[in-house]
Every structure is written in structure tokens, then in C-alpha cells.
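Okay, so here's the structure we're looking at.
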Amino acid sequence: PSDLRLSLGGDPLGALAGEGRIPMSLETACEQLAILAGWVLENSPHSTSVCVDALPYHEAGASAVQELAIAMATGVKYLRVLIDAGMTVEAAASQFEFHFMLGTQPFTEIAKLRAARLLWARVVEAFGGDPAQSQMKLHARLGNRSLTQLDPELNILRNTVAVFAAGIGGADSIASIPFDRSLGDYSDFSRRVARNTANVLKLEAHLHRVADPARASWFLESLTEDLAEQAWELFQQLEAEGGIVDGLLSGSIAQLIDAVHQQRVQAYASGEQVIVGVNLFQNEDGKAARASSADREDVIRAGLKQFQNRSDQRGTVKPFAAGASSMDSAIDTAAGGASLGQLATALNFHKEEVTATKLPLRRFAEPFEADSVEKVESP
């Protein structure tokens with residue numbers, strides 16, 4: 001474990017927002033998150049355990065300011081959980097990784113990532129920590145909401161813009177995604193294009209060689225400061241109204257995002273905002289390609305049968321012994337051949353359930369594609 005570099009991605013609030021439920025109380029989820037973070041800090045110092053994932057908010061239609069504010073509110077909640085468990089501010093912050101989805105407006109996305117670092121440094125400082133020792137670990141990729149099924153090859157350009165913005169904005173890791181992601185199954189060709197997009201930008205444009213290429217650009221510095229100030233104001237408003245947990249449980253965050261999304265829908269419908277190949281320069285046939293998944297049900301059935309056979313062979317896993325470390329017990333139980341479902345049972349999943357307003361997954365092009373979908377076989 002000491003040699004591993006992992007991002008374990010513990011994010012119960014992100015799961016609650018994206019799925020509309022988690023199979024345990026929030027108190028239990030946060031307690032388990034603290035246990036995981038403590039184990040990782042002690043045993044795998046190059047890894048992270050906590051993820052603040054802006055994906056469900058981005059895909060529901062949030063603005064850049066809303067994404068930043070909600071991410072900071074989530075980070076503050078998790079930071080309090082780890083500090084209450086006995087960690088120092090710097091040790092707790094070292095367990096965080098932030099995930100941001102990007103759109104196709106490069107300057108806004110560059111500024112968003114740069115503003116995120118400024119805001120997190122301010123949060124750490126407010127908790128009495130040293131921002132220099134608690135720098136944000138940042139992952140970024142193109143959000144699904146920007147992808148189209150109409151003229152899907154144009155997604156290559158959208159992905160290129162996002163990867164470029166992530167590099168200029170200072171992301172530590174970047175995912176380059178296949179252009180047919182919105183169609184269902186990926187093809188070998190689309191994966192190759194995605195991989196080479198990142199390679200060209202790294203090896204030929206040298207995006208990784210300058211720490212902060214946007215520094216001293218008046219336009220980007222000004223935009224970064226504007227986003228940071230607006231996001232901090234909204235973050236303070238969320239905190240005053242009870243924080244991220246109350247916002248998710250009451251549905252106020254969903255309403256906040258929906259209001260922005262509806263404005264954007266109207267802008268696309270009127271042509272004020274453009275999606276190339278969708279509401280402007282659309283192909284003559286006007287058909288959206290959607291990959292066929294006729295064999296998907298067969299694959300799922302075969303997988304379930306195989307899983308059931310393995311589960312029957314494993315037998316029943318006993319609950320963890322009282323007083324034992326749940327992390328050590330989980331490792332021992334997994335080493336004994338337990339499935340994820342059996343581990344979840346041993347960890348008392350589904351004893352309680354918390355529900356909230358589920359944030360929808362939206363793509364901007366969907367209203368234009370609804371009546372123009374043509375099924376095609378996946379390559």
C-alpha cells in the first residue's frame with residue numbers, strides 16, 4: 001500500500017446528489033469516510049481517499065459559479081468530518097481530490113479551475129491550515145452535457161477544447177474521452193482518437209511544461225477573480241442556509257441548478273447560444289446516430305449468472321467482530337474471497353437509507369435530438 005498511488009473516491013454526498021439516495025445514514029457514511037481516510041493516511045501516503053466530485057451538479061446544468069460554490073461547501077463538510085476524527089487540517093486536506101467537468105468555453109473553464117485552487121486555499125486558511133502544504137489535487141475532463149449524438153465526430157473538437165483548458169487551467173490529471181461516448185458503446189477508433197488527442201497536446205503543445213500558463217493574462221486573471229468572488233458569495237449563502245447537506249435534502253440546490261439550466265435551454269432554443277452541428281450547421285440528413293446495444297441484455301444476464309455462481313461458492317460472510325477496525329476487517333474479509341455485495345452487508349449497508357432530490361443527467365443537445373435519432377450498429 002505504501003507504494004500505491006490511488007484515488008479511492010469516497011464521496012457520499014456526491015452519490016446522494018447523483019443517485020438520489022445512499023444506503024445508510026449520513027452520519028454512518030461520514031464515519032466510514034473518516035475511517036478510510038485515517039487508514040489511507042497511515043498506510044498509503046501517496047493516495048487519496050476523499051473525492052469532491054462536481055459531476056452530478058455539472059451534468060444537471062450548474063453554472064461555473066454554482067459548481068465552485070457547491071464543491072467548496074462539500075469540501076468544508078468533509079474537512080470538518082476528518083478534523084473531528086482527529087486529523088490536522090493539513091493531514092485532512094491531503095486526502096482530498098477534486099473532480100471538475102468542463103464545457104466548451106475554454107476561457108471560462110480555465111478560469112474555473114484556477115478559481116477552484118484559490119477558493120480551496122482560502123478554505124484551508126480559514127480552518128487554520130497552511131495553504132502551501134494543502135494544495136488542491138485536481139482532475140478534469142469534458143462533461144457529458146456538452147456531447148452530441150447529432151454529428152458526433154464534432155465531439156472530437158469539444159474534447160480537444162476541454163483537454164486544452166484542463167492543461168492550461170492546471171489540472172493534475174486529465175481524462176480524454178471518446179467522441180462516441182454519448183452513443184453508448186465505445187469503438188476502438190474513438191478510444192485511439194481520445195488517447196492521441198491527449199498525447200498531441202502534451203507532447204507537441206507541451207501543456208505540461210508550464211505550471212500556470214494563464215498567469216499575468218489580464219483577461220484570465222480578471223475572469224478567475226470574478227468567478228472566485230461570486231462562488232465565495234454563493235458558498236457563504238449555502239453555509240448560512242445549513243450547508244451542503246441541508247441544500248441536498250431540502251432540494252434547494254436542485255432548484256438553484258434547474259433555474260440556470262432552464263435559462264440555458266431557452267438560449268439554445270432561440271439560437272442565442274450555439275451547438276455546432278445541432279442548432280447551427282446541422283448535417284443535411286439531420287439524423288442522430290445511436291449505437292445499437294442489442295447484445296447488452298445478453299451480456300448482463302451472463303454476467304449475473306457468473307456472479308451468482310461465484311457468490312454461491314463463497315457462502316455467507318459474517319459481520320465484523322465487535323471492536324475490530326472496520327478497515328482491517330474489510331481487508332481480511334475481502335482477502336477471504338468476499339464479494340462487494342457481501343462486504344456491503346458486513347458493513348451494514350441498507351440498514352438505513354437517506355433520500356434527496358436526484359439531480360438529472362442532461363445534455364444540451366437532447367431537445368434537438370429527440371425526434372431525429374437513427375440507430376446504427378456499433379463499430
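Chain identifiers are assigned as A, B, and so on, following the order in which chains appear in the C-alpha cells; residues are numbered from 1 within each chain, and ligands are numbered from 1 in order of appearance.
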
Per residue of range 210-305 of chain A within 12 Å of range 110-113 of chain A, record the nearest atom pair and its distance in Å to one decimal, counting only C-alpha atoms, with rows in chain order and ascending residue number, as CSV.
```
residue,atom,partner,partner_atom,distance
A:Asp212,CA,A:Ile110,CA,10.4
A:Pro213,CA,A:Ile110,CA,10.2
A:Ala214,CA,A:Ile110,CA,8.2
A:Arg215,CA,A:Ala111,CA,10.6
A:Ser217,CA,A:Ala111,CA,11.0
A:Trp218,CA,A:Ala111,CA,11.6
A:Phe219,CA,A:Ala111,CA,9.6
A:Leu220,CA,A:Ala111,CA,6.2
A:Glu221,CA,A:Ala111,CA,7.6
A:Ser222,CA,A:Ala111,CA,8.8
A:Leu223,CA,A:Ala111,CA,6.1
A:Thr224,CA,A:Ala111,CA,4.5
A:Glu225,CA,A:Ala111,CA,8.2
A:Asp226,CA,A:Ala111,CA,9.1
A:Leu227,CA,A:Lys112,CA,6.8
A:Ala228,CA,A:Lys112,CA,8.0
A:Glu229,CA,A:Lys112,CA,11.5
A:Gln230,CA,A:Lys112,CA,11.4
A:Ala231,CA,A:Lys112,CA,9.9
```

Just list the residues in range 214-371 of chain A DSSP gives strand (DSSP E or B) on the backbone, as a ChimeraX atom specification.
-> /A:276,280,288-291,354-355

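For Pro178 in chain A, the list of residues within 10 Å, based on only C-alpha atoms and with local chain neighbours fewer than 2 positions off taken out, reads Glu153, Asn155, Ile156, Asn159, Ala175, Ser176, Asp180, Arg181, Ser182, Asp185, Tyr186, Ser187, Asp188, Phe189, Ser190, Arg191, Arg192, Val193, Ala194, Arg195 and Thr197 of chain A.
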
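Separating CA of Gly75 in chain A from CA of Ser325 in chain A is a distance of 25.5 Å.
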
Set out as CSV a contact list for range 3-71 of chain A and range 242-253 of chain A with a cut-off of 12 Å, giving each residue of range 3-71 of chain A that qualifies its closest atom pair and distance in Å to one decimal, counting only C-alpha atoms, ordered by chain and rising residue number.
```
residue,atom,partner,partner_atom,distance
A:Pro12,CA,A:Val245,CA,10.5
A:Leu13,CA,A:Val245,CA,7.5
A:Gly14,CA,A:Leu248,CA,9.8
A:Ala15,CA,A:Leu248,CA,11.0
A:Leu16,CA,A:Leu248,CA,7.9
A:Ala17,CA,A:Leu248,CA,6.7
A:Gly18,CA,A:Leu248,CA,10.4
A:Glu19,CA,A:Leu248,CA,11.6
A:Gly20,CA,A:Leu248,CA,9.1
A:Arg21,CA,A:Leu249,CA,10.0
A:Ile22,CA,A:Leu249,CA,11.9
A:Ser25,CA,A:Val245,CA,11.9
A:Leu26,CA,A:Val245,CA,8.8
A:Glu27,CA,A:Val245,CA,11.1
A:Cys30,CA,A:Val245,CA,11.6
A:Val52,CA,A:Ile244,CA,11.9
A:Pro56,CA,A:Ile253,CA,11.4
A:Tyr57,CA,A:Ile253,CA,8.9
A:Ala60,CA,A:Ile253,CA,10.6
A:Gly61,CA,A:Ile253,CA,11.4
A:Ala62,CA,A:Ile253,CA,9.6
A:Gln66,CA,A:Ile253,CA,9.1
A:Glu67,CA,A:Ile253,CA,10.7
A:Ala69,CA,A:Ile244,CA,9.7
A:Ile70,CA,A:Ile244,CA,7.0
A:Ala71,CA,A:Ile244,CA,9.1
```

Could you save the residues just selected, with N, CA and C atoms, as a PDB file, in the first residue's frame?
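As a result, part28.pdb now contains:
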```
ATOM      1  N   PRO A  12     -19.836  10.377  -0.353  1.00  0.00           N
ATOM      2  CA  PRO A  12     -21.248  10.041  -0.105  1.00  0.00           C
ATOM      3  C   PRO A  12     -22.221  11.149  -0.508  1.00  0.00           C
ATOM      4  N   LEU A  13     -21.820  12.411  -0.385  1.00  0.00           N
ATOM      5  CA  LEU A  13     -22.723  13.496  -0.768  1.00  0.00           C
ATOM      6  C   LEU A  13     -22.880  13.574  -2.289  1.00  0.00           C
ATOM      7  N   GLY A  14     -21.814  13.302  -3.022  1.00  0.00           N
ATOM      8  CA  GLY A  14     -21.914  13.246  -4.468  1.00  0.00           C
ATOM      9  C   GLY A  14     -22.819  12.112  -4.912  1.00  0.00           C
ATOM     10  N   ALA A  15     -22.716  10.959  -4.212  1.00  0.00           N
ATOM     11  CA  ALA A  15     -23.599   9.832  -4.516  1.00  0.00           C
ATOM     12  C   ALA A  15     -25.051  10.181  -4.216  1.00  0.00           C
ATOM     13  N   LEU A  16     -25.270  10.878  -3.111  1.00  0.00           N
ATOM     14  CA  LEU A  16     -26.626  11.283  -2.746  1.00  0.00           C
ATOM     15  C   LEU A  16     -27.209  12.217  -3.797  1.00  0.00           C
ATOM     16  N   ALA A  17     -26.402  13.149  -4.290  1.00  0.00           N
ATOM     17  CA  ALA A  17     -26.876  14.089  -5.313  1.00  0.00           C
ATOM     18  C   ALA A  17     -27.140  13.390  -6.638  1.00  0.00           C
ATOM     19  N   GLY A  18     -26.231  12.502  -7.048  1.00  0.00           N
ATOM     20  CA  GLY A  18     -26.350  11.865  -8.347  1.00  0.00           C
ATOM     21  C   GLY A  18     -27.339  10.718  -8.396  1.00  0.00           C
ATOM     22  N   GLU A  19     -27.464   9.977  -7.289  1.00  0.00           N
ATOM     23  CA  GLU A  19     -28.346   8.818  -7.259  1.00  0.00           C
ATOM     24  C   GLU A  19     -29.675   9.102  -6.570  1.00  0.00           C
ATOM     25  N   GLY A  20     -29.716  10.156  -5.766  1.00  0.00           N
ATOM     26  CA  GLY A  20     -30.938  10.462  -5.026  1.00  0.00           C
ATOM     27  C   GLY A  20     -31.087   9.663  -3.753  1.00  0.00           C
ATOM     28  N   ARG A  21     -30.103   8.844  -3.428  1.00  0.00           N
ATOM     29  CA  ARG A  21     -30.171   8.036  -2.215  1.00  0.00           C
ATOM     30  C   ARG A  21     -28.793   7.478  -1.893  1.00  0.00           C
ATOM     31  N   ILE A  22     -28.569   7.174  -0.626  1.00  0.00           N
ATOM     32  CA  ILE A  22     -27.438   6.350  -0.207  1.00  0.00           C
ATOM     33  C   ILE A  22     -27.968   5.346   0.807  1.00  0.00           C
ATOM     34  N   SER A  25     -27.179   6.008   6.826  1.00  0.00           N
ATOM     35  CA  SER A  25     -27.350   7.374   7.304  1.00  0.00           C
ATOM     36  C   SER A  25     -26.124   8.196   6.916  1.00  0.00           C
ATOM     37  N   LEU A  26     -26.288   9.499   6.835  1.00  0.00           N
ATOM     38  CA  LEU A  26     -25.151  10.364   6.528  1.00  0.00           C
ATOM     39  C   LEU A  26     -24.105  10.306   7.631  1.00  0.00           C
ATOM     40  N   GLU A  27     -24.552  10.129   8.878  1.00  0.00           N
ATOM     41  CA  GLU A  27     -23.613  10.024   9.994  1.00  0.00           C
ATOM     42  C   GLU A  27     -22.725   8.792   9.816  1.00  0.00           C
ATOM     43  N   CYS A  30     -20.269   9.329   6.854  1.00  0.00           N
ATOM     44  CA  CYS A  30     -19.149  10.204   7.209  1.00  0.00           C
ATOM     45  C   CYS A  30     -18.187   9.508   8.171  1.00  0.00           C
ATOM     46  N   VAL A  52     -14.217  15.149  -3.932  1.00  0.00           N
ATOM     47  CA  VAL A  52     -15.276  16.144  -4.098  1.00  0.00           C
ATOM     48  C   VAL A  52     -15.549  16.207  -5.594  1.00  0.00           C
ATOM     49  N   PRO A  56     -22.204  15.432 -10.709  1.00  0.00           N
ATOM     50  CA  PRO A  56     -23.680  15.462 -10.722  1.00  0.00           C
ATOM     51  C   PRO A  56     -24.245  16.866 -10.879  1.00  0.00           C
ATOM     52  N   TYR A  57     -23.542  17.868 -10.393  1.00  0.00           N
ATOM     53  CA  TYR A  57     -24.021  19.244 -10.489  1.00  0.00           C
ATOM     54  C   TYR A  57     -23.787  19.802 -11.889  1.00  0.00           C
ATOM     55  N   ALA A  60     -26.220  18.234 -14.315  1.00  0.00           N
ATOM     56  CA  ALA A  60     -27.598  18.701 -14.121  1.00  0.00           C
ATOM     57  C   ALA A  60     -27.807  20.095 -14.699  1.00  0.00           C
ATOM     58  N   GLY A  61     -26.694  20.769 -15.063  1.00  0.00           N
ATOM     59  CA  GLY A  61     -26.812  22.073 -15.687  1.00  0.00           C
ATOM     60  C   GLY A  61     -26.275  23.239 -14.894  1.00  0.00           C
ATOM     61  N   ALA A  62     -25.493  22.981 -13.850  1.00  0.00           N
ATOM     62  CA  ALA A  62     -24.994  24.060 -12.991  1.00  0.00           C
ATOM     63  C   ALA A  62     -24.074  24.998 -13.762  1.00  0.00           C
ATOM     64  N   GLN A  66     -21.838  28.048  -9.609  1.00  0.00           N
ATOM     65  CA  GLN A  66     -22.523  27.068  -8.763  1.00  0.00           C
ATOM     66  C   GLN A  66     -21.657  25.842  -8.510  1.00  0.00           C
ATOM     67  N   GLU A  67     -20.974  25.357  -9.536  1.00  0.00           N
ATOM     68  CA  GLU A  67     -20.088  24.202  -9.358  1.00  0.00           C
ATOM     69  C   GLU A  67     -19.025  24.491  -8.312  1.00  0.00           C
ATOM     70  N   ALA A  69     -19.023  26.813  -5.894  1.00  0.00           N
ATOM     71  CA  ALA A  69     -19.589  27.019  -4.561  1.00  0.00           C
ATOM     72  C   ALA A  69     -19.992  25.700  -3.918  1.00  0.00           C
ATOM     73  N   ILE A  70     -20.635  24.829  -4.692  1.00  0.00           N
ATOM     74  CA  ILE A  70     -21.076  23.540  -4.166  1.00  0.00           C
ATOM     75  C   ILE A  70     -19.876  22.660  -3.833  1.00  0.00           C
ATOM     76  N   ALA A  71     -18.841  22.703  -4.674  1.00  0.00           N
ATOM     77  CA  ALA A  71     -17.630  21.936  -4.389  1.00  0.00           C
ATOM     78  C   ALA A  71     -16.987  22.398  -3.090  1.00  0.00           C
TER      79      ALA A  71
END
```

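Across the model, the gap from CA of Gly170 in chain A to CA of Val210 in chain A is 9.0 Å.
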
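Distances here use only C-alpha atoms; by that measure, the residue among A:Lys202, A:Arg301, A:Arg363, A:Lys137 closest to Ala171 in chain A is A:Lys137.
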